[in-house]
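See below for the structure under consideration.
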Amino acid sequence: MSGAKKERDNEAKKHGATFAWSGFVVLALAVGIFAVLQSPQDAVIKRILTSNYTYKDVVVYGNGKSVGGIKLALEPQFATSGEALAEYLSNFVAVDGVRLVGESSDKKIVADRVYNGQGKLIESFQDIDQGDRLYTVAPGLLFVWPFLGHRVHVNPVLSPTGRDIILESFSESPRVFHVYNFFTDAEADKLVDRILKIDGENEHLQQSHVGHRSGGKVVSKHRTSENAFDQVSDTALAFRKRSFDLLRIPRYQDDMCDGLQLLRYQQKQAYIAHHDYFSTQTSEDWNWNPKTGGSNRFATVFLYLSNVTEGGQTVFPLAEMPEGFSHPPLTQDTSKLFEPFSWEQDMVDKCSTRLASYPQKAHAILFYSQKPNGELDPMSLHGGCPVLEGTKWAANLWVWNKRRYGLDEQRSDTVKVVFENPTNEDVDLFWSDKKMATIRAGAQQPYSSFHGHQWTIKDATGKVLVQTVLDKAQGAKQTIAVKQV
Ligand SMILES: O=C(O)CCC(=O)C(=O)O
Ligand SMILES: [Fe+2]
């Protein structure tokens with residue numbers, strides 16, 4: 001006799017005739033429901049409603065969602081593994097995710113992972129508690145903390161403070177959280193100490209640059225702070241690992257984050273509102289769009305390493321102001337610090353009227369540059385407000401959704417190619433079958449490619465003008481030109 005049947009029989013003995021009657025009522029109800037439910041999705045609901053198994057009540061959401069949850073009585077047979085559960089729950093909530101270039105927008109996306117409200121990956125029915133919220137995550141995407149309007153205690157083993165790390169919702173769009181107990185005062189001091197000691201050619205404290213490496217270094221007049229990179233210290237490594245845990249990325253991967261960037265802002269210094277992600281047009285040798293399978297910055301863990309006497313907030317100008325949020329009045333006369341109509345003065349105005357996080361030593365914030373469905377999130381615009389009095393020490397940890405840009409250059413099979421089009425007609429450049437660029441008449445297009453990769457150049461009619469398979473033996477830097485006719 002099956003365990004479930006034994007249990008039913010015992011139940012029946014206990015309740016006798018009452019059970020028989022209630023059984024009859026349940027059966028009648030079930031027959032009624034059968035008559036009403038007809039679609040395939042309804043068939044699944046039917047099985048839940050009429051099942052004899054013990055079930056758990058859950059509410060199912062799409063990744064990062066806090067509304068639109070579907071209540072379900074979940075049976076164990078649908079949670080034999082995390083992946084099976086994810087597939088099953090995809091019948092109830094819309095799952096949005098990565099669509100590779102050329103993939104039809106009609107293709108149904110099915111989740112492959114499920115997380116609970118504490119960001120724990122669900123692997124079996126036992127991992128689920130009665131009343132849990134469950135979040136479905138599609139292949140190629142990462143879990144995004146939902147905006148819950150309250151505090152979540154994150155796994156305590158992460159915290160060197162000896163207290164639970166607490167994630168407190170601050171803004172839903174952009175998605176921003178305060179992170180309490182993430183690190184200690186002593187760690188903050190250690191990092192500031194490090195900043196002053198780092199003296200590598202590229203790593204030492206210097207006026208901040210913006211943009212990405214292939215474009216060269218650009219000193220920005222809109223980013224007046226100074227920074228240094230800490231790629232190596234134990235403290236930096238500990239922060240990187242802790243940030244992965246905080247983001248619930250299952251395994252720490254060195255190639256999914258930038259070095260810890262340490263910052264110093266002195267009085268009047270600031271960083272104008274910007275996105276931490278790179279534009280999808282940044283370079284053509286990389287897919288910068290995570291929604292189509294590319295990689296870009298995913299989230300920022302921002303550490304405040306000091307208190308600041310006045311100013312130095314992190315402002316999110318596009319965020320809605322939560323109820324009850326207010327700014328302390330300014331004590332400085334900022335017209336003495338900044339020119340009228342300067343970008344810094346404009347920031348001071350935004351910083352005292354829009355949503356902003358105030359620096360506090362050993363406090364952190366977490367914000368996402370990507371939406372839970374993999375799209376880059378323009379709402380994540382933010383800036384470092386001018387420091388009005390004192391010095392601000394802080395650090396950025398940027399986590400990518402996948403392997404980050406810039407590492408492939410170190411591969412031994414890299415071949416840098418410049419494709420030249422000296423003709424008077426535009427031509428199209430293909431890597432395997434994928435069109436990568438149009439090279440205008442008289443123009444050229446550099447690419448960082450690899451040994452064994454096939455490149456083809458075609459004219460506007462599709463006629464192949466050049467086809468080549470790169471051979472590293474011909475040199476690590478090569479030029480491939482369309483012939484003049
Ligand atoms: O200083 C801040 O509060 C923000 C800095 C920032 O956004 C950055 O460095 O990318
Ligand atoms: Fe930033």
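All residue names refer to the structure tokens as shown: chains lettered A, B, ... in order, residues numbered from 1 in each chain, ligands numbered from 1 in order.
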What do you get as a list in words if you pick all residues at most 10 Å from ligand 2, counting only C-alpha atoms and all ligand atoms?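 After applying the 10 Å limit, what remains is Tyr271, Ile272, Ala273, His274, His275, Asp276, Tyr277, Thr300, Val301, Phe302, Thr314, Val315, Phe367, Ser369, Ser380, Leu381, His382, Gly383, Gly384, Asn396, Leu397 and Trp398 of chain A.
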For atom CA of A:Leu366 and atom CA of A:Arg163, the interatomic separation in Å (one decimal): 18.3 Å
Using only C-alpha atoms, which protein or nucleic acid residues come within 12 Å of A:Lys336? Drop anything in the same chain fewer than 3 positions from it, and give the result as a ChimeraX atom specification. /A:268,332-333,339-340,345,388
Could you check the closest approach to ligand 1 for each of A:Phe338, A:Phe92, A:Phe419, A:Tyr368 and tell me which residue wins, using only C-alpha atoms and all ligand atoms?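 Among the listed residues, the smallest separation from ligand 1 belongs to A:Tyr368.
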Which residue of A:Ser352, A:Ser326, A:Asn181, A:Gln266 approaches A:Ile365 most closely, using only C-alpha atoms: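 Closest candidate: A:Asn181.
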Here is a test: counting only C-alpha atoms, which residue of A:Asp245, A:Asp230, A:Asp127, A:Glu87 is nearest to A:Phe143? A:Asp245
Write out as a ChimeraX atom specification the residues lying within 8 Å of A:Gly117, counting only C-alpha atoms and excluding same-chain residues fewer than 2 positions away. /A:115,119-120,132-135,146
Residue selection dump (N, CA and C atoms) as a short mmCIF file (atom, residue, chain, number, x, y, z; two decimals), in the first residue's frame:
```
data_model
loop_
_atom_site.label_atom_id
_atom_site.label_comp_id
_atom_site.auth_asym_id
_atom_site.auth_seq_id
_atom_site.Cartn_x
_atom_site.Cartn_y
_atom_site.Cartn_z
N TYR A 115 14.18 29.99 -7.39
CA TYR A 115 14.76 30.48 -6.13
C TYR A 115 13.62 30.82 -5.19
N GLY A 119 16.51 33.92 -1.75
CA GLY A 119 17.50 33.75 -2.81
C GLY A 119 18.18 32.39 -2.78
N LYS A 120 17.49 31.41 -2.19
CA LYS A 120 18.08 30.06 -2.15
C LYS A 120 17.60 29.29 -3.38
N ASP A 132 6.04 29.63 0.85
CA ASP A 132 7.19 30.27 0.16
C ASP A 132 6.76 31.05 -1.07
N ARG A 133 7.53 32.11 -1.34
CA ARG A 133 7.45 32.75 -2.65
C ARG A 133 8.52 32.09 -3.50
N LEU A 134 8.18 31.73 -4.71
CA LEU A 134 9.15 31.08 -5.61
C LEU A 134 9.33 31.95 -6.85
N TYR A 135 10.58 32.06 -7.30
CA TYR A 135 10.91 32.93 -8.44
C TYR A 135 11.54 32.09 -9.55
N PRO A 146 14.04 40.42 -5.62
CA PRO A 146 12.80 41.18 -5.83
C PRO A 146 12.73 42.38 -4.89
#
```
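Across A:Ala437, A:Val466, A:Leu89, A:Leu260, the tightest approach to ligand 1 is made by A:Leu260 when counting only C-alpha atoms and all ligand atoms.
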